[in-house]
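Just below is one structure, and these are the notes that go with it.
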Amino acid sequence: MKEKTSNPIHLRPRFSIELNDEKEKVIQKFKNALQNGNDKFPSRFVDDHIIIDVPKKEDHFWSPQLNIEVENADEDKTLLNGLFGPKPQVWTLFMFIHSLVGVAFLIFSVMLYVRWSLNESIILPLIMTLFLPLFWVLLYFLGRLGKSTGHSQMDDLHDLMTNILKN
């Protein structure tokens with residue numbers, strides 16, 4: 001089992017594992033471990049995609065989710081592409097806020113230019129044009145804080161996956 005991980009600075013760490021088993025056998029390992037008597041980690045299976053959540057009693061806003069895509073690499077080799085990330089609702093909220101801040105920055109930048117060209121008061125657009133990038137940086141650090149808050153749960157999900165693959 002060879003595991004290759006992405007750069008640790010990413011908010012949604014990715015990894016890739018090459019296995020010497022067939023794809024169906026790997027999926028069956030996960031199904032046996034997660035659906036037969038292991039209610040601790042809620043999971044869903046959609047074709048070759050596996051989604052594993054943290055236990056309900058430990059779940060909080062920043063709890064991660066493990067998404068695994070099982071692919072054929074060669075005849076007897078399988079490639080697991082994994083992604084640790086927030087629940088889709090949290091990710092959608094963050095992306096919406098990032099988009100909103102980006103659009104607002106563009107609007108206030110244009111407003112700043114127009115008011116400056118017309119020799120009108122530029123105080124509000126100037127303040128917003130300076131504030132919005134700072135808010136964007138704050139959002140980034142909030143995401144990092146959320147990732148560190150759920151890091152132990154991410155380790156638990158990774159350990160669960162590793163134990164399933166070893167059996």
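Here's how to read the names in the structure tokens: chain A, B, ... by the order shown, residue numbers from 1 in each chain, ligand numbers from 1 in the order shown.
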Just asking: which residues within chain A are alpha helix (DSSP H) according to DSSP, as a count of residues only?
86
Name all residues at most 8 Å from region 59-73 of chain A (count only C-alpha atoms; drop same-chain ones fewer than 2 positions away) and give them as number ranges by chain.
A: 18, 22-23, 26-27, 48-57, 75-87, 90, 146-147, 149-150, 153-154, 157
Output the selection as a CSV table (one decimal), in the first residue's frame - N, CA, C and O atoms for each residue.
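Printed below is result-v6.csv as written:
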```csv
chain,number,residue,atom,x,y,z
A,18,GLU,N,-2.3,3.4,-3.7
A,18,GLU,CA,-2.3,2.3,-4.7
A,18,GLU,C,-2.4,1.0,-4.0
A,18,GLU,O,-1.5,0.7,-3.1
A,22,GLU,N,-8.3,-6.0,-6.3
A,22,GLU,CA,-9.2,-5.6,-7.3
A,22,GLU,C,-10.2,-4.6,-6.7
A,22,GLU,O,-10.5,-4.6,-5.5
A,23,LYS,N,-10.8,-3.8,-7.6
A,23,LYS,CA,-11.7,-2.7,-7.1
A,23,LYS,C,-12.9,-3.3,-6.4
A,23,LYS,O,-13.2,-2.7,-5.3
A,26,VAL,N,-12.0,-4.3,-2.8
A,26,VAL,CA,-11.7,-3.1,-1.9
A,26,VAL,C,-13.0,-2.5,-1.5
A,26,VAL,O,-13.2,-2.3,-0.3
A,27,ILE,N,-14.0,-2.4,-2.4
A,27,ILE,CA,-15.3,-1.8,-2.1
A,27,ILE,C,-16.0,-2.8,-1.1
A,27,ILE,O,-16.6,-2.3,-0.1
A,48,ASP,N,-18.8,3.6,-7.1
A,48,ASP,CA,-17.4,3.4,-6.7
A,48,ASP,C,-17.0,4.5,-5.7
A,48,ASP,O,-15.8,4.8,-5.6
A,49,HIS,N,-18.0,5.2,-5.2
A,49,HIS,CA,-17.7,6.3,-4.3
A,49,HIS,C,-18.2,6.0,-2.9
A,49,HIS,O,-19.3,5.5,-2.7
A,50,ILE,N,-17.3,6.2,-1.9
A,50,ILE,CA,-17.6,5.9,-0.5
A,50,ILE,C,-17.5,7.2,0.3
A,50,ILE,O,-16.5,8.0,0.2
A,51,ILE,N,-18.5,7.5,1.1
A,51,ILE,CA,-18.5,8.7,1.9
A,51,ILE,C,-18.6,8.3,3.4
A,51,ILE,O,-19.6,7.6,3.8
A,52,ILE,N,-17.7,8.7,4.2
A,52,ILE,CA,-17.6,8.3,5.6
A,52,ILE,C,-17.7,9.5,6.5
A,52,ILE,O,-16.9,10.4,6.3
A,53,ASP,N,-18.6,9.6,7.4
A,53,ASP,CA,-18.8,10.7,8.3
A,53,ASP,C,-18.3,10.3,9.7
A,53,ASP,O,-18.1,9.1,10.0
A,54,VAL,N,-18.1,11.3,10.5
A,54,VAL,CA,-17.7,11.1,11.9
A,54,VAL,C,-18.9,10.6,12.7
A,54,VAL,O,-20.1,10.8,12.3
A,55,PRO,N,-18.7,10.0,13.8
A,55,PRO,CA,-19.9,9.5,14.7
A,55,PRO,C,-20.8,10.7,15.0
A,55,PRO,O,-20.3,11.8,15.2
A,56,LYS,N,-22.1,10.4,15.1
A,56,LYS,CA,-23.1,11.5,15.3
A,56,LYS,C,-22.9,12.2,16.6
A,56,LYS,O,-23.0,13.4,16.7
A,57,LYS,N,-22.5,11.4,17.7
A,57,LYS,CA,-22.3,12.1,19.0
A,57,LYS,C,-21.1,13.0,19.0
A,57,LYS,O,-21.0,13.9,19.9
A,75,GLU,N,-4.8,-4.2,-14.1
A,75,GLU,CA,-5.6,-5.4,-13.9
A,75,GLU,C,-5.9,-5.8,-12.5
A,75,GLU,O,-7.0,-6.0,-12.1
A,76,ASP,N,-4.8,-5.9,-11.7
A,76,ASP,CA,-4.9,-6.3,-10.3
A,76,ASP,C,-4.6,-5.2,-9.3
A,76,ASP,O,-4.3,-5.4,-8.2
A,77,LYS,N,-4.6,-4.0,-9.8
A,77,LYS,CA,-4.3,-2.8,-8.9
A,77,LYS,C,-5.5,-1.9,-8.9
A,77,LYS,O,-6.2,-1.7,-9.9
A,78,THR,N,-5.6,-1.3,-7.7
A,78,THR,CA,-6.7,-0.3,-7.5
A,78,THR,C,-6.1,1.0,-7.0
A,78,THR,O,-5.2,0.9,-6.2
A,79,LEU,N,-6.7,2.1,-7.3
A,79,LEU,CA,-6.3,3.4,-6.9
A,79,LEU,C,-7.4,4.0,-6.1
A,79,LEU,O,-8.6,4.1,-6.5
A,80,LEU,N,-7.1,4.3,-4.8
A,80,LEU,CA,-8.1,5.1,-4.0
A,80,LEU,C,-7.7,6.5,-4.0
A,80,LEU,O,-6.6,6.9,-3.6
A,81,ASN,N,-8.6,7.4,-4.4
A,81,ASN,CA,-8.4,8.8,-4.4
A,81,ASN,C,-9.3,9.3,-3.3
A,81,ASN,O,-10.5,9.2,-3.3
A,82,GLY,N,-8.7,9.9,-2.2
A,82,GLY,CA,-9.4,10.4,-1.1
A,82,GLY,C,-9.4,11.9,-0.9
A,82,GLY,O,-8.4,12.5,-1.3
A,83,LEU,N,-10.4,12.4,-0.2
A,83,LEU,CA,-10.5,13.8,0.0
A,83,LEU,C,-11.1,14.0,1.4
A,83,LEU,O,-12.2,13.5,1.7
A,84,PHE,N,-10.4,14.7,2.3
A,84,PHE,CA,-10.9,15.1,3.6
A,84,PHE,C,-11.4,16.5,3.4
A,84,PHE,O,-10.7,17.4,2.9
A,85,GLY,N,-12.7,16.7,3.8
A,85,GLY,CA,-13.2,18.0,3.7
A,85,GLY,C,-14.4,18.2,4.6
A,85,GLY,O,-14.9,17.3,5.2
A,86,PRO,N,-14.8,19.4,4.7
A,86,PRO,CA,-16.0,19.7,5.5
A,86,PRO,C,-17.3,19.1,4.8
A,86,PRO,O,-17.2,18.7,3.7
A,87,LYS,N,-18.3,19.0,5.6
A,87,LYS,CA,-19.6,18.6,5.0
A,87,LYS,C,-20.0,19.5,3.9
A,87,LYS,O,-19.6,20.7,3.9
A,90,VAL,N,-21.2,23.1,4.8
A,90,VAL,CA,-20.2,24.0,5.3
A,90,VAL,C,-19.4,24.5,4.1
A,90,VAL,O,-19.1,25.7,4.0
A,146,GLY,N,-11.1,25.9,11.4
A,146,GLY,CA,-12.0,24.8,11.3
A,146,GLY,C,-11.3,23.4,11.0
A,146,GLY,O,-11.7,22.4,11.6
A,147,LYS,N,-10.3,23.5,10.1
A,147,LYS,CA,-9.6,22.3,9.8
A,147,LYS,C,-8.8,21.8,11.0
A,147,LYS,O,-8.8,20.6,11.3
A,149,THR,N,-9.6,22.3,14.1
A,149,THR,CA,-10.6,21.8,15.1
A,149,THR,C,-11.1,20.4,14.8
A,149,THR,O,-11.3,19.6,15.7
A,150,GLY,N,-11.2,20.1,13.5
A,150,GLY,CA,-11.6,18.7,13.1
A,150,GLY,C,-10.5,17.8,12.8
A,150,GLY,O,-10.7,16.7,12.3
A,153,GLN,N,-10.5,14.3,14.4
A,153,GLN,CA,-11.5,13.5,13.7
A,153,GLN,C,-11.1,13.0,12.3
A,153,GLN,O,-11.4,11.9,11.9
A,154,MET,N,-10.3,13.9,11.6
A,154,MET,CA,-9.7,13.5,10.4
A,154,MET,C,-8.7,12.3,10.6
A,154,MET,O,-8.7,11.4,9.8
A,157,LEU,N,-10.8,9.2,11.0
A,157,LEU,CA,-11.3,8.7,9.7
A,157,LEU,C,-10.1,8.0,8.9
A,157,LEU,O,-10.3,7.0,8.3
```
From the list A:Ser109, A:Gln89, A:Ser117, A:Ser148, which residue is nearest Leu130 (chain A) when using only C-alpha atoms?
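Closest residue, counting only C-alpha atoms: A:Ser109.
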One number please: CA of Leu139 (chain A) to CA of Thr92 (chain A), in Å, one decimal.
13.5 Å
